[in-house]
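Participant: First the structure, which I've put down as C-alpha cells, then a few questions once you've had a look.
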Amino acid sequence: MQAELYHFDSYEDIHNNHSLPRIEDFYLAGQRVSEIEKTEGQKAIIEVVRSAIFAHLKGLSVEGRTIEDHRILFHIRTLFPLYNSTIDFTFVYGSLEASATTLMHELTHSISSEWQYLDHEFVKQIASKDVKNRRDVKSGFHSYWFSKDDSSKENFQFINEAVTEKITREIIAKVRDRIQDLKPLFAGRCEKALRNFENYWETYKKHLIDITETFDRKAEAAISELEKEFQKDFEELSQSTEVSSEELEDYLDFRRRDLESSKENIISTYQAFKKPILSNGSEGKKTMEVKAIINNYSFDCTSSSYDLELKILNLILDGLAYSQSSCEEEFQAQRTKIWEDLQKAYLFGTVMWLRKIEKLFGKGILRALNEVDLITGNDQKERIAQYLEHKNDKLKRF
Ligand SMILES: [Zn+2]
C-alpha cells in the first residue's frame with residue numbers, strides 16, 4: 001500500500017515544515033512532481049552535469065551516490081535555487097533550467113549531503129519528529145538545527161558555499177564545450193521563459209501593491225487614533241474651568257505641533273517599509289530579471305556568485321600551503337594536495353578538518369566567517385580577506 005503523499009502549496013511550505021522525512025514524491029501546487037515530464041534539454045543538461053560531477057569525484061577517489069532525475073525539479077519558482085537536504089530534492093526555478101553552473105552548484109550540495117555517506121535509516125532519524133535529536137540533514141560542512149524555542153541556528157555556511165562554488169567552477173571549466181553543444185535543445189525556451197515571466201510579473205506586482213496598501217491602512221489607522229486623542233483632550237480642557245484661555249491656547253499649540261510631528265513620523269516609517277517592497281516591483285528590477293533570464297539561456301557558463309567567498313577560500317588555501325613549503329614548486333604541489341583533502345573532508349562532512357584553518361590563522365577565524373551575512377556582509381568579507389592577506393605575507397618564505 002502506498003503511503004499518503006504530502007501536499008504543499010509552495011516551496012515555502014516545504015521549507016517551513018521542520019519535521020519532514022526524505023520523500024520520494026509529493027504534490028506541489030496541485031501537481032504530482034513525479035509526473036512532471038522533463039524536456040529533452042533538461043534531461044541532457046542533467047546528464048552532462050551529473051557525469052561531470054562523477055568524473056570529478058572519481059579523480060578524488062570518492063564514490064558518489066546516485067542522483068535520480070526525479071529529485072531535480074525545474075518548474076518551481078523559489079527565492080533561490082537550492083538543494084533541500086531533508087527531503088533530498090534539488091529545486092532550480094524554470095528560467096534557470098539552462099544554467100549548468102546553477103545545477104552543478106546545487107547537485108554538488110546534494111552529493112555532499114549525509115545521504116551519501118551515512119546509513120539512510122540513521123539520517124532519517126536525525127531529521128525526524130523526535131524534537132530532542134532533531135536537526136537538518138547536514139550537507140558538506142553546513143549544519144542547520146533547531147533549538148528548543150524552535151529558532152534556527154546554522155554553522156559553517158560560509159566555508160561550505162565557498163567550497164561548493166570552487167568545485168562547481170572547476171568542473172564547469174572542463175565541460176564548457178559539452179554544455180554549449182546543448183544549446184539547440186533549448187530552442188524557443190528563452191522566449192517561453194520571458195512570456196512566463198511577463199505573466200508572473202503582473203501578479204507579483206499586484207501582490208507587492210497589496211502589501212503596501214495594508215501599510216497605508218495601518219498608517220491611516222494610527223493617525224486617526226492620534227487625532228481622536230487630540231480631539232478628546234481639546235474637548236476636556238475647553239470644558240474645564242481651571243485653565244485660563246491663554247493657558248489652553250498655549251497647550252493646544254504645543255499639542256498641535258506634537259500631533260503634526262507624530263503624523264510625519266508615522267508616514268515616514270511606513271514609507272520606509274514600503275520603499276524596498278516597491279523597488280522590488282520597479283521597472284529597473286524587472287529589466288534586471290529579464291536580463292538574467294536571457295543570460296541563463298546564453299550558455300555562457302560563467303558565474304559570479306560567491307566571488308568574495310571564493311577569494312577568501314583561495315587565501316586560506318594559499319596560507320595553508322605557504323606554511324608547508326619553502327619554494328614555489330613545493331607550494332603548488334602542497335596547494336593541490338590541500339585542496340584535494342579539503343574537498344574530501346567536505347564530501348564526508350568532516351568538520352574537524354576545518355580546525356587546520358583555525359590553527360594557522362588563529363582562533364576566532366571560523367567564528368568570524370560564521371558570523372558574516374552572505375548577502376549583506378561584503379565589508380566584513382573584505383576585512384577578513386585583508387587579514388588573511390596580511391597573515392599570508394608573513395607565512396610566505398620564498
Ligand atoms: Zn549553495
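Each chain in the C-alpha cells gets a letter, A, B, ..., in the order shown, and its residues are numbered from 1; ligands are numbered from 1 in order too.
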Skipping near chain neighbours, those fewer than 4 positions away, what residues fall within 10 Å of A:Tyr117 using only C-alpha atoms, listed as a ChimeraX atom specification?

Facilitator: /A:63-65,111-113,123,347-349

Participant: Kindly provide the residues of chain A that approach ligand 1 to within 7 Å, each paired with its closest atom pair and their distance in Å to one decimal, based on only C-alpha atoms and all ligand atoms, listed by chain and increasing number, as JSON lines.

Facilitator:
```
{"residue": "A:Leu82", "atom": "CA", "partner": "ligand 1", "partner_atom_place_in_ligand_line": "1 (Zn)", "distance": 6.8}
{"residue": "A:His105", "atom": "CA", "partner": "ligand 1", "partner_atom_place_in_ligand_line": "1 (Zn)", "distance": 6.2}
{"residue": "A:Glu106", "atom": "CA", "partner": "ligand 1", "partner_atom_place_in_ligand_line": "1 (Zn)", "distance": 6.1}
{"residue": "A:His109", "atom": "CA", "partner": "ligand 1", "partner_atom_place_in_ligand_line": "1 (Zn)", "distance": 6.7}
{"residue": "A:Glu161", "atom": "CA", "partner": "ligand 1", "partner_atom_place_in_ligand_line": "1 (Zn)", "distance": 5.0}
{"residue": "A:Thr164", "atom": "CA", "partner": "ligand 1", "partner_atom_place_in_ligand_line": "1 (Zn)", "distance": 6.5}
```

Participant: What lies within 12 Å of A:Thr269 using only C-alpha atoms, ignoring chain neighbours under 5 positions off, as a ChimeraX atom specification?

Facilitator: /A:215-216,218-219,222,262-264,274-275

Participant: Generate the output file for the selected residues, N, CA and C atoms, as a JSON list (two decimals), in the first residue's frame.

Facilitator:
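Here's the written file out_30.json:
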```
[["chain", "number", "residue", "atom", "x", "y", "z"],
["A", 215, "PHE", "N", -0.03, 48.64, 4.48],
["A", 215, "PHE", "CA", 0.76, 49.62, 5.24],
["A", 215, "PHE", "C", 0.03, 50.96, 5.27],
["A", 216, "ASP", "N", -0.52, 51.35, 4.11],
["A", 216, "ASP", "CA", -1.26, 52.63, 4.06],
["A", 216, "ASP", "C", -2.40, 52.62, 5.05],
["A", 218, "LYS", "N", -2.67, 50.82, 7.75],
["A", 218, "LYS", "CA", -2.15, 50.86, 9.12],
["A", 218, "LYS", "C", -1.77, 52.29, 9.50],
["A", 219, "ALA", "N", -1.13, 53.00, 8.58],
["A", 219, "ALA", "CA", -0.72, 54.38, 8.84],
["A", 219, "ALA", "C", -1.95, 55.24, 9.08],
["A", 222, "ALA", "N", -3.39, 54.56, 12.50],
["A", 222, "ALA", "CA", -2.57, 55.11, 13.59],
["A", 222, "ALA", "C", -2.78, 56.62, 13.68],
["A", 262, "SER", "N", 4.17, 63.76, 15.04],
["A", 262, "SER", "CA", 3.87, 62.33, 15.16],
["A", 262, "SER", "C", 3.32, 61.77, 13.86],
["A", 263, "LYS", "N", 2.46, 62.57, 13.21],
["A", 263, "LYS", "CA", 1.90, 62.13, 11.93],
["A", 263, "LYS", "C", 3.01, 61.92, 10.90],
["A", 264, "GLU", "N", 3.91, 62.92, 10.86],
["A", 264, "GLU", "CA", 5.03, 62.81, 9.90],
["A", 264, "GLU", "C", 5.87, 61.56, 10.17],
["A", 274, "LYS", "N", 7.68, 50.62, 2.86],
["A", 274, "LYS", "CA", 7.15, 50.42, 1.51],
["A", 274, "LYS", "C", 8.23, 50.49, 0.43],
["A", 275, "LYS", "N", 9.22, 51.33, 0.69],
["A", 275, "LYS", "CA", 10.22, 51.60, -0.36],
["A", 275, "LYS", "C", 10.88, 50.34, -0.93]]
```

Participant: Contacts of A:Ile338 at 9 Å or less, counting only C-alpha atoms, minus same-chain residues fewer than 5 places along, as a list in words?

Facilitator: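 Everything that qualifies: Leu317, Leu320, Ala321, Ala333 and Gln343 of chain A.
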
Participant: Between atom CA of A:Asp181 and atom CA of A:Ile36, what is the distance, to one decimal in Å?

Facilitator: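 Interatomic distance, atom CA of A:Asp181 to atom CA of A:Ile36: 24.9 Å.
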
Participant: When you draw a straight line from atom CA of A:Gln334 to atom CA of A:Phe156, how long is it in Å?

Facilitator: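 According to the coordinates, atom CA of A:Gln334 and atom CA of A:Phe156 are separated by 24.0 Å.
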
Participant: Provide the atom CA of A:Lys153 to atom CA of A:Tyr11 distance in Å, to one decimal place.

Facilitator: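 Straight-line distance from atom CA of A:Lys153 to atom CA of A:Tyr11 works out to 20.3 Å.
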
Participant: If you run DSSP on this backbone, which residues of stretch 212-332 of chain A come out as alpha helix (DSSP H), and could you give them as a short mmCIF file (atom, residue, chain, number, x, y, z; two decimals) with C-alpha atoms, in the first residue's frame?

Facilitator:
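Done, and the output landed in selection_19.cif:
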```
data_model
loop_
_atom_site.label_atom_id
_atom_site.label_comp_id
_atom_site.auth_asym_id
_atom_site.auth_seq_id
_atom_site.Cartn_x
_atom_site.Cartn_y
_atom_site.Cartn_z
CA THR A 212 1.93 48.34 0.56
CA GLU A 213 -1.80 49.09 0.74
CA THR A 214 -2.01 47.29 4.05
CA PHE A 215 0.76 49.62 5.24
CA ASP A 216 -1.26 52.63 4.06
CA ARG A 217 -4.26 51.40 6.01
CA LYS A 218 -2.15 50.86 9.12
CA ALA A 219 -0.72 54.38 8.84
CA GLU A 220 -4.20 55.87 8.40
CA ALA A 221 -5.49 53.99 11.43
CA ALA A 222 -2.57 55.11 13.59
CA ILE A 223 -3.05 58.75 12.52
CA SER A 224 -6.78 58.69 13.14
CA GLU A 225 -6.13 57.30 16.61
CA LEU A 226 -3.84 60.26 17.39
CA GLU A 227 -6.37 62.75 16.06
CA LYS A 228 -9.10 61.26 18.22
CA GLU A 229 -6.87 61.58 21.30
CA PHE A 230 -6.15 65.21 20.45
CA GLN A 231 -9.85 65.94 19.98
CA LYS A 232 -10.68 64.31 23.32
CA ASP A 233 -8.01 66.37 25.10
CA PHE A 234 -9.28 69.54 23.47
CA GLU A 235 -12.89 68.90 24.49
CA GLU A 236 -11.99 68.03 28.07
CA LEU A 237 -9.79 71.11 28.50
CA SER A 238 -12.26 73.54 26.90
CA GLN A 239 -14.93 72.47 29.38
CA SER A 245 -7.97 80.59 27.84
CA GLU A 246 -4.32 81.63 27.34
CA GLU A 247 -3.01 78.53 29.03
CA LEU A 248 -5.37 76.45 26.93
CA GLU A 249 -4.20 78.15 23.73
CA ASP A 250 -0.54 77.56 24.68
CA TYR A 251 -1.15 73.96 25.49
CA LEU A 252 -3.16 73.33 22.34
CA ASP A 253 -0.47 74.95 20.28
CA PHE A 254 2.07 72.53 21.74
CA ARG A 255 -0.26 69.56 21.19
CA ARG A 256 -0.92 70.56 17.58
CA ARG A 257 2.80 70.68 16.80
CA ASP A 258 3.29 67.38 18.58
CA LEU A 259 0.44 65.85 16.60
CA GLU A 260 1.90 67.07 13.30
CA SER A 261 5.34 65.66 14.02
CA SER A 262 3.87 62.33 15.16
CA LYS A 263 1.90 62.13 11.93
CA GLU A 264 5.03 62.81 9.90
CA ASN A 265 6.84 60.09 11.85
CA ILE A 266 4.16 57.54 11.15
CA ILE A 267 4.08 58.41 7.46
CA SER A 268 7.86 58.26 7.06
CA THR A 269 8.09 54.97 8.98
CA TYR A 270 5.57 53.31 6.70
CA GLN A 271 7.20 54.90 3.65
CA ALA A 272 10.47 53.29 4.73
CA PHE A 273 8.72 49.89 4.91
CA LYS A 274 7.15 50.42 1.51
CA LYS A 275 10.22 51.60 -0.36
CA PRO A 276 12.14 48.30 -0.65
CA ILE A 277 8.93 46.43 -1.41
CA LEU A 278 8.01 48.81 -4.19
CA SER A 279 11.54 48.79 -5.57
CA ASN A 280 11.26 45.00 -5.88
CA GLU A 283 10.94 48.68 -13.85
CA GLY A 284 14.65 48.60 -13.02
CA LYS A 285 14.25 45.33 -11.14
CA LYS A 286 12.19 43.90 -13.97
CA THR A 287 14.87 44.79 -16.52
CA MET A 288 17.44 43.03 -14.32
CA GLU A 289 15.33 39.88 -14.11
CA VAL A 290 14.75 39.85 -17.87
CA LYS A 291 18.49 40.25 -18.46
CA ALA A 292 19.16 37.36 -16.06
CA ILE A 293 16.75 35.11 -17.96
CA ILE A 294 18.36 35.94 -21.31
CA ASN A 295 21.78 35.38 -19.78
CA ASN A 296 20.75 31.99 -18.45
CA ASP A 307 33.15 35.76 -5.64
CA LEU A 308 34.30 37.11 -2.27
CA GLU A 309 33.76 33.77 -0.52
CA LEU A 310 35.99 32.20 -3.16
CA LYS A 311 38.62 34.88 -2.73
CA ILE A 312 38.73 34.09 0.99
CA LEU A 313 38.85 30.34 0.42
CA ASN A 314 41.75 30.77 -2.02
CA LEU A 315 43.63 32.88 0.54
CA ILE A 316 43.07 30.16 3.13
CA LEU A 317 44.45 27.53 0.74
CA ASP A 318 47.42 29.77 -0.04
CA GLY A 319 48.17 30.22 3.65
CA LEU A 320 47.94 26.51 4.42
CA ALA A 321 50.27 25.75 1.51
CA TYR A 322 52.73 28.56 2.36
CA GLU A 328 57.21 27.93 -5.40
CA GLU A 329 57.26 24.35 -6.69
CA GLU A 330 56.56 22.91 -3.26
CA PHE A 331 53.87 25.49 -2.73
CA GLN A 332 51.98 24.48 -5.89
#
```

Participant: Just the residues within 10 Å of stretch 16-22 of chain A, please, counting only C-alpha atoms, with nothing from its chain fewer than 3 positions along; format it as number ranges by chain.

Facilitator: A: 6, 8, 11-13, 25, 84-89, 115, 120, 123-131, 134-137, 145-146, 150

Participant: Restricting the output to N, CA and C atoms, write the selected residues as a PDB file, in the first residue's frame.

Facilitator:
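Result file is again-v5.pdb:
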```pdb
ATOM      1  N   TYR A   6       2.483  13.865   0.598  1.00  0.00           N
ATOM      2  CA  TYR A   6       2.394  15.222   1.130  1.00  0.00           C
ATOM      3  C   TYR A   6       1.861  16.167   0.052  1.00  0.00           C
ATOM      4  N   PHE A   8       1.949  20.243  -0.848  1.00  0.00           N
ATOM      5  CA  PHE A   8       2.480  21.558  -0.489  1.00  0.00           C
ATOM      6  C   PHE A   8       1.941  22.588  -1.472  1.00  0.00           C
ATOM      7  N   TYR A  11       7.009  26.254  -2.300  1.00  0.00           N
ATOM      8  CA  TYR A  11       8.252  25.796  -1.705  1.00  0.00           C
ATOM      9  C   TYR A  11       8.353  26.225  -0.234  1.00  0.00           C
ATOM     10  N   GLU A  12       7.839  27.411   0.074  1.00  0.00           N
ATOM     11  CA  GLU A  12       7.900  27.923   1.454  1.00  0.00           C
ATOM     12  C   GLU A  12       7.248  26.934   2.433  1.00  0.00           C
ATOM     13  N   ASP A  13       6.180  26.294   1.948  1.00  0.00           N
ATOM     14  CA  ASP A  13       5.506  25.274   2.749  1.00  0.00           C
ATOM     15  C   ASP A  13       6.459  24.148   3.153  1.00  0.00           C
ATOM     16  N   ASP A  25       8.122  11.342  -3.444  1.00  0.00           N
ATOM     17  CA  ASP A  25       7.195  12.009  -4.343  1.00  0.00           C
ATOM     18  C   ASP A  25       6.269  12.880  -3.509  1.00  0.00           C
ATOM     19  N   ASN A  84      17.400  20.967  -0.977  1.00  0.00           N
ATOM     20  CA  ASN A  84      16.822  20.773   0.355  1.00  0.00           C
ATOM     21  C   ASN A  84      17.296  19.419   0.871  1.00  0.00           C
ATOM     22  N   SER A  85      18.195  19.453   1.855  1.00  0.00           N
ATOM     23  CA  SER A  85      18.850  18.216   2.283  1.00  0.00           C
ATOM     24  C   SER A  85      17.897  17.279   3.031  1.00  0.00           C
ATOM     25  N   THR A  86      16.859  17.833   3.655  1.00  0.00           N
ATOM     26  CA  THR A  86      15.970  16.977   4.436  1.00  0.00           C
ATOM     27  C   THR A  86      15.127  16.069   3.554  1.00  0.00           C
ATOM     28  N   ILE A  87      14.485  16.667   2.536  1.00  0.00           N
ATOM     29  CA  ILE A  87      13.686  15.815   1.663  1.00  0.00           C
ATOM     30  C   ILE A  87      14.534  15.282   0.506  1.00  0.00           C
ATOM     31  N   ASP A  88      15.763  15.788   0.393  1.00  0.00           N
ATOM     32  CA  ASP A  88      16.705  15.336  -0.631  1.00  0.00           C
ATOM     33  C   ASP A  88      16.210  15.638  -2.051  1.00  0.00           C
ATOM     34  N   PHE A  89      15.714  16.834  -2.252  1.00  0.00           N
ATOM     35  CA  PHE A  89      15.293  17.287  -3.574  1.00  0.00           C
ATOM     36  C   PHE A  89      16.047  18.560  -3.939  1.00  0.00           C
ATOM     37  N   TRP A 115      23.164  11.945   3.049  1.00  0.00           N
ATOM     38  CA  TRP A 115      22.542  10.809   2.353  1.00  0.00           C
ATOM     39  C   TRP A 115      23.582  10.015   1.578  1.00  0.00           C
ATOM     40  N   HIS A 120      21.041   5.374   5.636  1.00  0.00           N
ATOM     41  CA  HIS A 120      19.828   6.181   5.434  1.00  0.00           C
ATOM     42  C   HIS A 120      18.886   6.163   6.630  1.00  0.00           C
ATOM     43  N   VAL A 123      20.116   8.666   9.080  1.00  0.00           N
ATOM     44  CA  VAL A 123      19.870  10.049   8.657  1.00  0.00           C
ATOM     45  C   VAL A 123      18.396  10.402   8.859  1.00  0.00           C
ATOM     46  N   LYS A 124      17.530   9.444   8.561  1.00  0.00           N
ATOM     47  CA  LYS A 124      16.089   9.658   8.741  1.00  0.00           C
ATOM     48  C   LYS A 124      15.784  10.019  10.186  1.00  0.00           C
ATOM     49  N   GLN A 125      16.468   9.329  11.079  1.00  0.00           N
ATOM     50  CA  GLN A 125      16.230   9.521  12.497  1.00  0.00           C
ATOM     51  C   GLN A 125      16.594  10.933  12.969  1.00  0.00           C
ATOM     52  N   ILE A 126      17.728  11.445  12.483  1.00  0.00           N
ATOM     53  CA  ILE A 126      18.127  12.774  12.961  1.00  0.00           C
ATOM     54  C   ILE A 126      17.230  13.866  12.401  1.00  0.00           C
ATOM     55  N   ALA A 127      16.598  13.583  11.271  1.00  0.00           N
ATOM     56  CA  ALA A 127      15.701  14.589  10.692  1.00  0.00           C
ATOM     57  C   ALA A 127      14.255  14.304  11.068  1.00  0.00           C
ATOM     58  N   SER A 128      14.078  13.495  12.096  1.00  0.00           N
ATOM     59  CA  SER A 128      12.731  13.048  12.417  1.00  0.00           C
ATOM     60  C   SER A 128      11.994  14.024  13.317  1.00  0.00           C
ATOM     61  N   LYS A 129      10.815  13.606  13.747  1.00  0.00           N
ATOM     62  CA  LYS A 129       9.996  14.469  14.598  1.00  0.00           C
ATOM     63  C   LYS A 129      10.490  14.466  16.042  1.00  0.00           C
ATOM     64  N   ASP A 130      11.398  13.600  16.326  1.00  0.00           N
ATOM     65  CA  ASP A 130      11.952  13.490  17.669  1.00  0.00           C
ATOM     66  C   ASP A 130      12.691  14.791  18.009  1.00  0.00           C
ATOM     67  N   VAL A 131      12.002  15.684  18.703  1.00  0.00           N
ATOM     68  CA  VAL A 131      12.492  17.047  18.895  1.00  0.00           C
ATOM     69  C   VAL A 131      13.886  17.098  19.509  1.00  0.00           C
ATOM     70  N   ARG A 134      16.436  16.368  16.929  1.00  0.00           N
ATOM     71  CA  ARG A 134      16.120  16.878  15.608  1.00  0.00           C
ATOM     72  C   ARG A 134      17.153  17.888  15.102  1.00  0.00           C
ATOM     73  N   ARG A 135      17.585  17.682  13.892  1.00  0.00           N
ATOM     74  CA  ARG A 135      18.381  18.686  13.197  1.00  0.00           C
ATOM     75  C   ARG A 135      18.220  18.434  11.715  1.00  0.00           C
ATOM     76  N   ASP A 136      18.636  19.363  10.924  1.00  0.00           N
ATOM     77  CA  ASP A 136      18.531  19.157   9.487  1.00  0.00           C
ATOM     78  C   ASP A 136      19.618  18.194   9.029  1.00  0.00           C
ATOM     79  N   VAL A 137      19.395  17.582   7.886  1.00  0.00           N
ATOM     80  CA  VAL A 137      20.411  16.685   7.344  1.00  0.00           C
ATOM     81  C   VAL A 137      21.586  17.544   6.890  1.00  0.00           C
ATOM     82  N   TRP A 145      20.160  23.531  12.562  1.00  0.00           N
ATOM     83  CA  TRP A 145      19.357  22.817  13.557  1.00  0.00           C
ATOM     84  C   TRP A 145      18.403  23.768  14.260  1.00  0.00           C
ATOM     85  N   PHE A 146      17.508  23.186  15.018  1.00  0.00           N
ATOM     86  CA  PHE A 146      16.509  23.989  15.702  1.00  0.00           C
ATOM     87  C   PHE A 146      16.723  23.869  17.194  1.00  0.00           C
ATOM     88  N   ASP A 150      12.520  26.597  18.926  1.00  0.00           N
ATOM     89  CA  ASP A 150      12.222  26.478  17.511  1.00  0.00           C
ATOM     90  C   ASP A 150      12.936  27.518  16.645  1.00  0.00           C
TER      91      ASP A 150
END
```

Participant: So which one's closest to A:Ser61, A:Lys38, A:Glu4, A:Lys344, A:His390? Using only C-alpha atoms, please.

Facilitator: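 When distances to A:Ser61 are compared using only C-alpha atoms, the smallest one comes from A:Lys344.
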
Participant: Using DSSP on the backbone, list every residue of stretch 8-115 of chain A that comes out as strand (DSSP E or B), and give them as a short mmCIF file (atom, residue, chain, number, x, y, z; two decimals) with N, CA and C atoms, in the first residue's frame.

Facilitator:
```
data_model
loop_
_atom_site.label_atom_id
_atom_site.label_comp_id
_atom_site.auth_asym_id
_atom_site.auth_seq_id
_atom_site.Cartn_x
_atom_site.Cartn_y
_atom_site.Cartn_z
N PHE A 8 1.95 20.24 -0.85
CA PHE A 8 2.48 21.56 -0.49
C PHE A 8 1.94 22.59 -1.47
N PHE A 26 5.73 13.93 -4.09
CA PHE A 26 4.78 14.77 -3.35
C PHE A 26 4.02 15.64 -4.34
N TYR A 27 3.00 16.30 -3.84
CA TYR A 27 2.24 17.25 -4.66
C TYR A 27 2.72 18.65 -4.35
N LEU A 28 2.93 19.41 -5.40
CA LEU A 28 3.33 20.80 -5.22
C LEU A 28 2.37 21.66 -6.04
N GLN A 31 0.25 19.72 -8.29
CA GLN A 31 0.86 18.86 -9.30
C GLN A 31 1.74 17.79 -8.65
N ARG A 32 1.57 16.56 -9.12
CA ARG A 32 2.40 15.49 -8.56
C ARG A 32 3.78 15.58 -9.23
N ILE A 72 15.24 16.19 -9.08
CA ILE A 72 15.62 17.52 -9.55
C ILE A 72 14.38 18.16 -10.17
N LEU A 73 13.96 19.30 -9.62
CA LEU A 73 12.75 19.95 -10.12
C LEU A 73 13.10 21.30 -10.73
N LEU A 82 17.96 25.87 -4.94
CA LEU A 82 18.53 25.27 -3.75
C LEU A 82 18.34 23.76 -3.68
N TYR A 83 19.20 23.16 -2.85
CA TYR A 83 19.09 21.74 -2.55
C TYR A 83 18.52 21.66 -1.14
N ASN A 84 17.40 20.97 -0.98
CA ASN A 84 16.82 20.77 0.36
C ASN A 84 17.30 19.42 0.87
N PHE A 89 15.71 16.83 -2.25
CA PHE A 89 15.29 17.29 -3.57
C PHE A 89 16.05 18.56 -3.94
N THR A 90 16.35 18.72 -5.22
CA THR A 90 17.00 19.93 -5.70
C THR A 90 16.01 20.77 -6.48
N PHE A 91 15.90 22.03 -6.14
CA PHE A 91 14.95 22.93 -6.80
C PHE A 91 15.72 23.99 -7.58
N SER A 113 25.79 15.68 0.81
CA SER A 113 24.92 15.57 1.98
C SER A 113 25.08 14.22 2.66
#
```

Participant: Measuring between only C-alpha atoms, which one of A:Ser95, A:Glu40, A:Met104, A:Ser34 shows the shortest distance to A:His70?

Facilitator: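 Result for the nearest residue to A:His70: A:Ser34.
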